[in-house]
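Data from final-v3.pdb: PDB, C-alpha atoms and all ligand atoms
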ATOM      1  CA  MET S 297     263.144 -72.117 -65.440  1.00  0.00           C
ATOM      2  CA  ILE S 298     264.360 -71.858 -61.871  1.00  0.00           C
ATOM      3  CA  VAL S 299     262.388 -73.521 -59.099  1.00  0.00           C
ATOM      4  CA  ASP S 300     263.290 -71.936 -55.782  1.00  0.00           C
ATOM      5  CA  PHE S 301     263.228 -74.215 -52.772  1.00  0.00           C
ATOM      6  CA  ASP S 302     261.698 -71.404 -50.679  1.00  0.00           C
ATOM      7  CA  LYS S 303     258.799 -70.858 -53.079  1.00  0.00           C
ATOM      8  CA  ALA S 304     257.949 -74.376 -54.257  1.00  0.00           C
ATOM      9  CA  SER S 305     255.797 -76.694 -52.133  1.00  0.00           C
ATOM     10  CA  PRO S 306     257.556 -79.651 -50.481  1.00  0.00           C
ATOM     11  CA  GLU S 307     255.498 -81.979 -52.719  1.00  0.00           C
ATOM     12  CA  ALA S 308     256.653 -80.162 -55.893  1.00  0.00           C
ATOM     13  CA  PHE S 309     260.268 -80.356 -54.796  1.00  0.00           C
ATOM     14  CA  TYR S 310     259.896 -84.033 -53.875  1.00  0.00           C
ATOM     15  CA  LYS S 311     258.676 -84.722 -57.421  1.00  0.00           C
ATOM     16  CA  ILE S 312     261.612 -82.796 -58.928  1.00  0.00           C
ATOM     17  CA  LEU S 313     264.068 -84.790 -56.810  1.00  0.00           C
ATOM     18  CA  ILE S 314     262.680 -88.265 -57.458  1.00  0.00           C
ATOM     19  CA  GLY S 315     262.257 -87.445 -61.159  1.00  0.00           C
ATOM     20  CA  SER S 316     265.851 -86.190 -61.469  1.00  0.00           C
ATOM     21  CA  VAL S 317     267.900 -88.463 -59.209  1.00  0.00           C
ATOM     22  CA  LEU S 318     267.264 -91.832 -60.811  1.00  0.00           C
ATOM     23  CA  PRO S 319     267.327 -94.746 -61.229  1.00  0.00           C
ATOM     24  CA  ARG S 320     267.750 -95.256 -57.486  1.00  0.00           C
ATOM     25  CA  PRO S 321     268.820 -98.589 -56.001  1.00  0.00           C
ATOM     26  CA  ILE S 322     266.617 -99.964 -53.254  1.00  0.00           C
ATOM     27  CA  ALA S 323     267.761-100.805 -49.726  1.00  0.00           C
ATOM     28  CA  TRP S 324     265.357-103.371 -48.298  1.00  0.00           C
ATOM     29  CA  VAL S 325     266.060-102.786 -44.635  1.00  0.00           C
ATOM     30  CA  SER S 326     265.376-105.348 -41.914  1.00  0.00           C
ATOM     31  CA  THR S 327     265.477-104.340 -38.246  1.00  0.00           C
ATOM     32  CA  ILE S 328     264.031-105.516 -34.934  1.00  0.00           C
ATOM     33  CA  ASN S 329     262.241-103.500 -32.287  1.00  0.00           C
ATOM     34  CA  ARG S 330     263.084-103.535 -28.562  1.00  0.00           C
ATOM     35  CA  GLU S 331     260.883-106.626 -28.105  1.00  0.00           C
ATOM     36  CA  GLY S 332     262.729-108.425 -30.926  1.00  0.00           C
ATOM     37  CA  VAL S 333     259.874-108.277 -33.496  1.00  0.00           C
ATOM     38  CA  PRO S 334     261.295-108.038 -37.054  1.00  0.00           C
ATOM     39  CA  ASN S 335     260.458-105.157 -39.396  1.00  0.00           C
ATOM     40  CA  LEU S 336     261.138-104.830 -43.120  1.00  0.00           C
ATOM     41  CA  ALA S 337     260.762-101.820 -45.462  1.00  0.00           C
ATOM     42  CA  PRO S 338     262.268-100.506 -48.735  1.00  0.00           C
ATOM     43  CA  PHE S 339     264.160 -97.192 -49.098  1.00  0.00           C
ATOM     44  CA  SER S 340     265.419 -95.783 -52.407  1.00  0.00           C
ATOM     45  CA  PHE S 341     267.243 -92.787 -50.987  1.00  0.00           C
ATOM     46  CA  PHE S 342     270.163 -95.201 -50.741  1.00  0.00           C
ATOM     47  CA  THR S 343     273.808 -95.506 -51.750  1.00  0.00           C
ATOM     48  CA  VAL S 344     277.376 -96.493 -50.755  1.00  0.00           C
ATOM     49  CA  ALA S 345     279.081 -93.856 -48.608  1.00  0.00           C
ATOM     50  CA  SER S 346     282.522 -95.466 -48.171  1.00  0.00           C
ATOM     51  CA  SER S 347     284.234 -98.681 -49.268  1.00  0.00           C
ATOM     52  CA  ASN S 348     287.112 -98.675 -46.749  1.00  0.00           C
ATOM     53  CA  PRO S 349     285.676 -98.890 -44.186  1.00  0.00           C
ATOM     54  CA  PRO S 350     282.551-100.136 -45.974  1.00  0.00           C
ATOM     55  CA  VAL S 351     279.596 -97.874 -45.159  1.00  0.00           C
ATOM     56  CA  LEU S 352     276.078 -97.817 -46.589  1.00  0.00           C
ATOM     57  CA  CYS S 353     273.589 -94.989 -46.159  1.00  0.00           C
ATOM     58  CA  PHE S 354     269.865 -94.557 -46.697  1.00  0.00           C
ATOM     59  CA  ALA S 355     267.354 -91.931 -45.645  1.00  0.00           C
ATOM     60  CA  PRO S 356     263.983 -92.613 -44.012  1.00  0.00           C
ATOM     61  CA  ALA S 357     261.874 -89.436 -43.947  1.00  0.00           C
ATOM     62  CA  LEU S 358     259.679 -88.455 -41.000  1.00  0.00           C
ATOM     63  CA  LYS S 359     256.040 -89.386 -41.628  1.00  0.00           C
ATOM     64  CA  PHE S 360     253.429 -86.834 -42.675  1.00  0.00           C
ATOM     65  CA  ASP S 361     251.036 -87.892 -39.890  1.00  0.00           C
ATOM     66  CA  VAL S 362     252.294 -85.687 -37.069  1.00  0.00           C
ATOM     67  CA  PHE S 363     252.534 -86.341 -33.339  1.00  0.00           C
ATOM     68  CA  GLU S 364     249.276 -85.189 -31.715  1.00  0.00           C
ATOM     69  CA  GLY S 365     249.423 -81.540 -30.683  1.00  0.00           C
ATOM     70  CA  THR S 366     252.794 -80.905 -32.335  1.00  0.00           C
ATOM     71  CA  SER S 367     254.031 -80.118 -35.839  1.00  0.00           C
ATOM     72  CA  LYS S 368     256.663 -82.857 -35.663  1.00  0.00           C
ATOM     73  CA  GLY S 369     256.685 -85.790 -38.080  1.00  0.00           C
ATOM     74  CA  LYS S 370     256.710 -89.313 -36.631  1.00  0.00           C
ATOM     75  CA  PRO S 371     259.764 -91.520 -37.257  1.00  0.00           C
ATOM     76  CA  LYS S 372     259.159 -94.598 -39.406  1.00  0.00           C
ATOM     77  CA  ASP S 373     259.531 -97.945 -37.620  1.00  0.00           C
ATOM     78  CA  THR S 374     262.847 -98.621 -39.375  1.00  0.00           C
ATOM     79  CA  LEU S 375     264.417 -95.421 -38.040  1.00  0.00           C
ATOM     80  CA  LYS S 376     263.041 -95.944 -34.530  1.00  0.00           C
ATOM     81  CA  ASN S 377     264.310 -99.538 -34.441  1.00  0.00           C
ATOM     82  CA  ILE S 378     267.774 -98.516 -35.626  1.00  0.00           C
ATOM     83  CA  GLN S 379     267.940 -95.730 -33.042  1.00  0.00           C
ATOM     84  CA  ASP S 380     266.817 -98.199 -30.350  1.00  0.00           C
ATOM     85  CA  THR S 381     269.072-101.139 -31.315  1.00  0.00           C
ATOM     86  CA  GLY S 382     271.895 -99.699 -33.472  1.00  0.00           C
ATOM     87  CA  GLU S 383     271.670-102.521 -36.021  1.00  0.00           C
ATOM     88  CA  PHE S 384     270.127-103.228 -39.433  1.00  0.00           C
ATOM     89  CA  VAL S 385     270.471-105.389 -42.547  1.00  0.00           C
ATOM     90  CA  VAL S 386     270.362-104.022 -46.097  1.00  0.00           C
ATOM     91  CA  ASN S 387     268.925-106.719 -48.375  1.00  0.00           C
ATOM     92  CA  ILE S 388     269.251-106.295 -52.155  1.00  0.00           C
ATOM     93  CA  VAL S 389     266.047-106.520 -54.222  1.00  0.00           C
ATOM     94  CA  SER S 390     266.106-108.715 -57.336  1.00  0.00           C
ATOM     95  CA  GLN S 391     263.300-108.341 -59.883  1.00  0.00           C
ATOM     96  CA  GLU S 392     261.856-111.663 -58.724  1.00  0.00           C
ATOM     97  CA  LEU S 393     261.285-110.103 -55.268  1.00  0.00           C
ATOM     98  CA  ALA S 394     259.801-106.811 -56.547  1.00  0.00           C
ATOM     99  CA  GLU S 395     256.196-107.614 -55.637  1.00  0.00           C
ATOM    100  CA  LYS S 396     257.052-108.660 -52.077  1.00  0.00           C
ATOM    101  CA  MET S 397     259.291-105.606 -51.665  1.00  0.00           C
ATOM    102  CA  ASN S 398     256.376-103.396 -52.719  1.00  0.00           C
ATOM    103  CA  GLN S 399     253.967-105.165 -50.355  1.00  0.00           C
ATOM    104  CA  SER S 400     256.417-104.638 -47.484  1.00  0.00           C
ATOM    105  CA  SER S 401     256.230-100.852 -47.987  1.00  0.00           C
ATOM    106  CA  GLY S 402     252.655-100.680 -46.634  1.00  0.00           C
ATOM    107  CA  SER S 403     252.197 -98.458 -43.559  1.00  0.00           C
ATOM    108  CA  TYR S 404     251.759-101.348 -41.146  1.00  0.00           C
ATOM    109  CA  PRO S 405     251.509-100.365 -37.466  1.00  0.00           C
ATOM    110  CA  PRO S 406     254.605-100.707 -35.258  1.00  0.00           C
ATOM    111  CA  GLY S 407     255.137-104.289 -34.118  1.00  0.00           C
ATOM    112  CA  VAL S 408     253.788-105.843 -37.333  1.00  0.00           C
ATOM    113  CA  ASN S 409     256.232-108.373 -38.787  1.00  0.00           C
ATOM    114  CA  GLU S 410     256.390-107.612 -42.542  1.00  0.00           C
ATOM    115  CA  PHE S 411     258.259-110.892 -43.180  1.00  0.00           C
ATOM    116  CA  GLU S 412     255.103-112.751 -42.104  1.00  0.00           C
ATOM    117  CA  LYS S 413     252.749-110.212 -43.746  1.00  0.00           C
ATOM    118  CA  VAL S 414     254.243-110.633 -47.222  1.00  0.00           C
ATOM    119  CA  GLY S 415     255.431-114.257 -46.968  1.00  0.00           C
ATOM    120  CA  LEU S 416     259.210-114.007 -46.710  1.00  0.00           C
ATOM    121  CA  THR S 417     261.654-116.150 -44.771  1.00  0.00           C
ATOM    122  CA  THR S 418     263.968-114.805 -42.070  1.00  0.00           C
ATOM    123  CA  ALA S 419     267.569-116.040 -42.061  1.00  0.00           C
ATOM    124  CA  PRO S 420     269.700-115.426 -38.966  1.00  0.00           C
ATOM    125  CA  SER S 421     272.430-112.801 -39.263  1.00  0.00           C
ATOM    126  CA  SER S 422     275.899-113.727 -38.062  1.00  0.00           C
ATOM    127  CA  ARG S 423     277.102-110.499 -36.372  1.00  0.00           C
ATOM    128  CA  ILE S 424     273.891-108.673 -35.458  1.00  0.00           C
ATOM    129  CA  ALA S 425     270.431-109.484 -34.119  1.00  0.00           C
ATOM    130  CA  PRO S 426     268.076-108.376 -36.962  1.00  0.00           C
ATOM    131  CA  PRO S 427     267.358-111.193 -39.431  1.00  0.00           C
ATOM    132  CA  ARG S 428     268.173-111.186 -43.146  1.00  0.00           C
ATOM    133  CA  VAL S 429     265.720-111.756 -45.993  1.00  0.00           C
ATOM    134  CA  ALA S 430     266.608-115.354 -46.903  1.00  0.00           C
ATOM    135  CA  GLU S 431     265.265-114.895 -50.458  1.00  0.00           C
ATOM    136  CA  SER S 432     267.634-111.953 -51.184  1.00  0.00           C
ATOM    137  CA  LEU S 433     270.831-112.962 -52.995  1.00  0.00           C
ATOM    138  CA  ILE S 434     272.903-110.327 -51.151  1.00  0.00           C
ATOM    139  CA  ASN S 435     272.576-109.048 -47.558  1.00  0.00           C
ATOM    140  CA  PHE S 436     274.765-106.552 -45.715  1.00  0.00           C
ATOM    141  CA  GLU S 437     274.826-106.691 -41.914  1.00  0.00           C
ATOM    142  CA  CYS S 438     275.353-103.148 -40.576  1.00  0.00           C
ATOM    143  CA  LYS S 439     275.972-101.440 -37.257  1.00  0.00           C
ATOM    144  CA  LEU S 440     274.824 -97.844 -36.904  1.00  0.00           C
ATOM    145  CA  HIS S 441     277.604 -95.293 -37.374  1.00  0.00           C
ATOM    146  CA  GLN S 442     275.556 -92.076 -37.284  1.00  0.00           C
ATOM    147  CA  VAL S 443     272.150 -90.583 -38.033  1.00  0.00           C
ATOM    148  CA  ILE S 444     272.170 -87.108 -39.563  1.00  0.00           C
ATOM    149  CA  SER S 445     268.757 -85.535 -39.138  1.00  0.00           C
ATOM    150  CA  PHE S 446     267.498 -82.737 -41.375  1.00  0.00           C
ATOM    151  CA  GLY S 447     264.735 -81.495 -39.061  1.00  0.00           C
ATOM    152  CA  GLU S 448     261.731 -82.562 -37.023  1.00  0.00           C
ATOM    153  CA  HIS S 449     258.999 -81.570 -39.479  1.00  0.00           C
ATOM    154  CA  PRO S 450     257.097 -84.088 -41.657  1.00  0.00           C
ATOM    155  CA  GLY S 451     259.134 -85.137 -44.683  1.00  0.00           C
ATOM    156  CA  ALA S 452     262.498 -84.340 -43.063  1.00  0.00           C
ATOM    157  CA  GLY S 453     265.105 -86.916 -44.012  1.00  0.00           C
ATOM    158  CA  ASN S 454     267.317 -88.812 -41.594  1.00  0.00           C
ATOM    159  CA  LEU S 455     270.512 -90.038 -43.191  1.00  0.00           C
ATOM    160  CA  VAL S 456     271.370 -93.362 -41.584  1.00  0.00           C
ATOM    161  CA  LEU S 457     275.022 -94.364 -42.017  1.00  0.00           C
ATOM    162  CA  GLY S 458     275.842 -97.976 -41.212  1.00  0.00           C
ATOM    163  CA  ARG S 459     279.204 -99.711 -41.055  1.00  0.00           C
ATOM    164  CA  ILE S 460     279.015-103.049 -42.862  1.00  0.00           C
ATOM    165  CA  GLN S 461     280.086-105.923 -40.612  1.00  0.00           C
ATOM    166  CA  CYS S 462     279.819-108.618 -43.269  1.00  0.00           C
ATOM    167  CA  ALA S 463     278.175-109.373 -46.597  1.00  0.00           C
ATOM    168  CA  HIS S 464     276.265-112.558 -47.410  1.00  0.00           C
ATOM    169  CA  LEU S 465     276.432-113.447 -51.110  1.00  0.00           C
ATOM    170  CA  HIS S 466     274.507-116.395 -52.537  1.00  0.00           C
ATOM    171  CA  GLU S 467     276.908-118.722 -54.346  1.00  0.00           C
ATOM    172  CA  SER S 468     274.963-118.275 -57.609  1.00  0.00           C
ATOM    173  CA  VAL S 469     275.594-114.521 -57.668  1.00  0.00           C
ATOM    174  CA  TYR S 470     279.269-114.251 -56.634  1.00  0.00           C
ATOM    175  CA  LYS S 471     281.757-115.741 -59.100  1.00  0.00           C
ATOM    176  CA  ASN S 472     285.514-115.136 -59.425  1.00  0.00           C
ATOM    177  CA  GLY S 473     285.335-112.234 -56.994  1.00  0.00           C
ATOM    178  CA  ARG S 474     282.575-110.427 -58.912  1.00  0.00           C
ATOM    179  CA  VAL S 475     278.844-110.027 -58.506  1.00  0.00           C
ATOM    180  CA  ASP S 476     277.019-111.384 -61.577  1.00  0.00           C
ATOM    181  CA  LEU S 477     274.506-108.706 -62.558  1.00  0.00           C
ATOM    182  CA  ASP S 478     272.505-111.085 -64.751  1.00  0.00           C
ATOM    183  CA  VAL S 479     271.923-113.350 -61.748  1.00  0.00           C
ATOM    184  CA  LEU S 480     271.356-110.503 -59.271  1.00  0.00           C
ATOM    185  CA  HIS S 481     268.821-108.902 -61.636  1.00  0.00           C
ATOM    186  CA  PRO S 482     268.443-105.786 -59.464  1.00  0.00           C
ATOM    187  CA  ILE S 483     265.655-103.256 -59.909  1.00  0.00           C
ATOM    188  CA  GLY S 484     265.768 -99.469 -59.620  1.00  0.00           C
ATOM    189  CA  ARG S 485     263.162 -96.979 -58.481  1.00  0.00           C
ATOM    190  CA  LEU S 486     262.082 -94.186 -60.801  1.00  0.00           C
ATOM    191  CA  ALA S 487     259.451 -91.516 -60.111  1.00  0.00           C
ATOM    192  CA  GLY S 488     255.834 -92.281 -59.179  1.00  0.00           C
ATOM    193  CA  MET S 489     255.049 -95.991 -59.374  1.00  0.00           C
ATOM    194  CA  GLU S 490     257.708 -96.763 -61.981  1.00  0.00           C
ATOM    195  CA  TYR S 491     260.698 -99.081 -61.690  1.00  0.00           C
ATOM    196  CA  CYS S 492     263.404-100.245 -64.081  1.00  0.00           C
ATOM    197  CA  GLU S 493     265.542-103.300 -64.669  1.00  0.00           C
ATOM    198  CA  VAL S 494     269.249-103.122 -65.508  1.00  0.00           C
ATOM    199  CA  LYS S 495     269.057-104.180 -69.155  1.00  0.00           C
ATOM    200  CA  ASP S 496     270.601-101.799 -71.710  1.00  0.00           C
ATOM    201  CA  ARG S 497     274.185-101.712 -70.502  1.00  0.00           C
ATOM    202  CA  PHE S 498     277.202-100.263 -72.295  1.00  0.00           C
ATOM    203  CA  VAL S 499     280.932-100.188 -71.642  1.00  0.00           C
ATOM    204  CA  MET S 500     283.317 -97.206 -71.524  1.00  0.00           C
ATOM    205  CA  VAL S 501     287.021 -97.384 -70.803  1.00  0.00           C
ATOM    206  CA  ARG S 502     288.198 -94.593 -68.512  1.00  0.00           C
ATOM    207  CA  PRO S 503     290.862 -92.269 -69.892  1.00  0.00           C
ATOM    208  CA  GLU S 504     294.405 -92.904 -68.715  1.00  0.00           C
ATOM    209  CA  VAL S 505     295.747 -89.483 -67.811  1.00  0.00           C
TER     210      VAL S 505
HETATM  211  C1  LIG S 601     260.584 -98.655 -53.729  1.00  0.00           C
HETATM  212  C2  LIG S 601     260.282 -97.813 -52.524  1.00  0.00           C
HETATM  213  C3  LIG S 601     261.240 -96.916 -52.065  1.00  0.00           C
HETATM  214  C4  LIG S 601     260.999 -96.145 -50.920  1.00  0.00           C
HETATM  215  N1  LIG S 601     261.965 -95.260 -50.514  1.00  0.00           N
HETATM  216  C5  LIG S 601     261.770 -94.537 -49.393  1.00  0.00           C
HETATM  217  C6  LIG S 601     262.794 -93.647 -48.938  1.00  0.00           C
HETATM  218  O1  LIG S 601     263.886 -93.533 -49.510  1.00  0.00           O
HETATM  219  N2  LIG S 601     262.545 -92.939 -47.798  1.00  0.00           N
HETATM  220  C7  LIG S 601     261.372 -93.078 -47.101  1.00  0.00           C
HETATM  221  O2  LIG S 601     261.197 -92.423 -46.075  1.00  0.00           O
HETATM  222  N3  LIG S 601     260.396 -93.914 -47.517  1.00  0.00           N
HETATM  223  C8  LIG S 601     260.569 -94.655 -48.628  1.00  0.00           C
HETATM  224  N4  LIG S 601     259.596 -95.527 -49.046  1.00  0.00           N
HETATM  225  C9  LIG S 601     258.382 -95.710 -48.219  1.00  0.00           C
HETATM  226  C10 LIG S 601     258.628 -96.670 -47.045  1.00  0.00           C
HETATM  227  O3  LIG S 601     259.002 -97.958 -47.513  1.00  0.00           O
HETATM  228  C11 LIG S 601     257.330 -96.780 -46.217  1.00  0.00           C
HETATM  229  O4  LIG S 601     257.051 -95.533 -45.625  1.00  0.00           O
HETATM  230  C12 LIG S 601     257.344 -97.885 -45.182  1.00  0.00           C
HETATM  231  O5  LIG S 601     256.032 -98.045 -44.677  1.00  0.00           O
HETATM  232  C13 LIG S 601     258.256 -97.597 -44.013  1.00  0.00           C
HETATM  233  O6  LIG S 601     258.154 -98.685 -43.141  1.00  0.00           O
HETATM  234  P1  LIG S 601     258.529 -98.668 -41.614  1.00  0.00           P
HETATM  235  O7  LIG S 601     257.596 -97.701 -40.889  1.00  0.00           O
HETATM  236  O8  LIG S 601     258.333-100.094 -41.207  1.00  0.00           O
HETATM  237  O9  LIG S 601     259.957 -98.230 -41.503  1.00  0.00           O
HETATM  238  C14 LIG S 601     259.775 -96.279 -50.206  1.00  0.00           C
HETATM  239  C15 LIG S 601     258.805 -97.179 -50.683  1.00  0.00           C
HETATM  240  C16 LIG S 601     259.057 -97.931 -51.833  1.00  0.00           C
HETATM  241  C17 LIG S 601     258.001 -98.895 -52.324  1.00  0.00           C
END

Take the structure in this file and express it as structure tokens.
Ligand SMILES: Cc1cc2nc3c(=O)[nH]c(=O)nc-3n(C[C@H](O)[C@H](O)[C@H](O)COP(=O)(O)O)c2cc1C
Amino acid sequence: MIVDFDKASPEAFYKILIGSVLPRPIAWVSTINREGVPNLAPFSFFTVASSNPPVLCFAPALKFDVFEGTSKGKPKDTLKNIQDTGEFVVNIVSQELAEKMNQSSGSYPPGVNEFEKVGLTTAPSSRIAPPRVAESLINFECKLHQVISFGEHPGAGNLVLGRIQCAHLHESVYKNGRVDLDVLHPIGRLAGMEYCEVKDRFVMVRPEV
């Protein structure tokens, strides 16, 4: 079966993508708006783009509720804040924080502080203004490198590339130069409402050619 992008609905294609590209890690992104109010939201269209220099990327889509009188999708608060301030933190989500991460994804109006809404603690960042999630075991402070926009219509993605300024690693999770996966206990996003834990692992040695 071939599903043509031109013929399928955006919703059908969205379901194919999130059901095929998985499990996806989750960037829990903290920003501040121009008035300095913190914002926090999860994004699973997320990965590493470069390790030297270290760059992370994630993709907030434009909202489906359009600007009045236009067919343009509204930017999510995270994207607007990053475009306004050029800074953000990617906080890693351990299983123990899953419920609060999910609560922080609610469509709260601009200016609502999700840290307060869901009961999380802000920790000051060292190189940028947006705060970190104190409860996260790993936080990456990032400065905006570039936003690549895929359109102005609802659902259009905006790939945010951020240069990592520094990483905060809780002492329990970083041992002998490695991140301990059993302590980090990260979760992944699947399709629909489903998530996974990193449990059934296996080892493969790469061929020496
Ligand atoms: C686990 C999870 C992953 C998500 N991934 C994305 C994503 O990759 N892109 C996106 O636009 N929205 C994603 N969302 C939805 C946003 O978190 C949601 O729209 C949120 O309200 C945006 O907040 P903001 O307006 O404060 O930026 C995700 C939600 C959850 C729960």

* Fewer than 6 positions away in the same chain doesn't count, so skip those; otherwise give me all residues within 12 Å of Ile322 of chain S, counting all atoms listed in the file, as an NGL selection string. => :S and (337-344 or 352-355 or 386-391 or 393-394 or 397-398 or 401 or 482-486 or 491-493)

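Atom CA of Trp324 of chain S lies 21.9 Å from atom CA of Phe446 of chain S.
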
Taking all atoms of segment 394-408 of chain S that appear in the file, build a box with edges along x, y and z, extend it by 8 Å on every side, and state its centre and edge lengths in Å to one decimal, as lines of an AutoDock Vina configuration file.
center_x = 255.7
center_y = -103.6
center_z = -45.3
size_x = 24.3
size_y = 26.2
size_z = 38.4

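The residues caught by the PyMOL selection byres (((chain S and resi 460-465) around 7) and not hetatm) in this file are Pro350, Val351, Arg423, Leu433, Ile434, Asn435, Phe436, Glu437, Cys438, Lys439, Gly458, Arg459, His466, Glu467, Val469 and Tyr470 of chain S.
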
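Among the candidate residues S:Glu431, S:Glu410, S:Glu448, S:Asp476, the one lying nearest to ligand LIG 601 (chain S) is S:Glu410, with distances computed using only C-alpha atoms and all ligand atoms.
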
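The residues returned by the PyMOL selection byres (((chain S and resi 381) around 8) and not hetatm) for this structure are Ile328, Asn329, Arg330, Asn377, Ile378, Gln379, Asp380, Gly382 and Glu383 of chain S.
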
* Pick from S:Ala304, S:Val499, S:Leu336, S:Leu313, whichever lies nearest to Leu416 of chain S using only C-alpha atoms ->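 Closest candidate: S:Leu336.
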
* **Exercise: Phe411 of chain S partners within 10 Å, all atoms listed in the file, chain neighbours under 4 positions left out, as number ranges by chain** => S: 326, 334-337, 396, 400, 415-418, 427-429
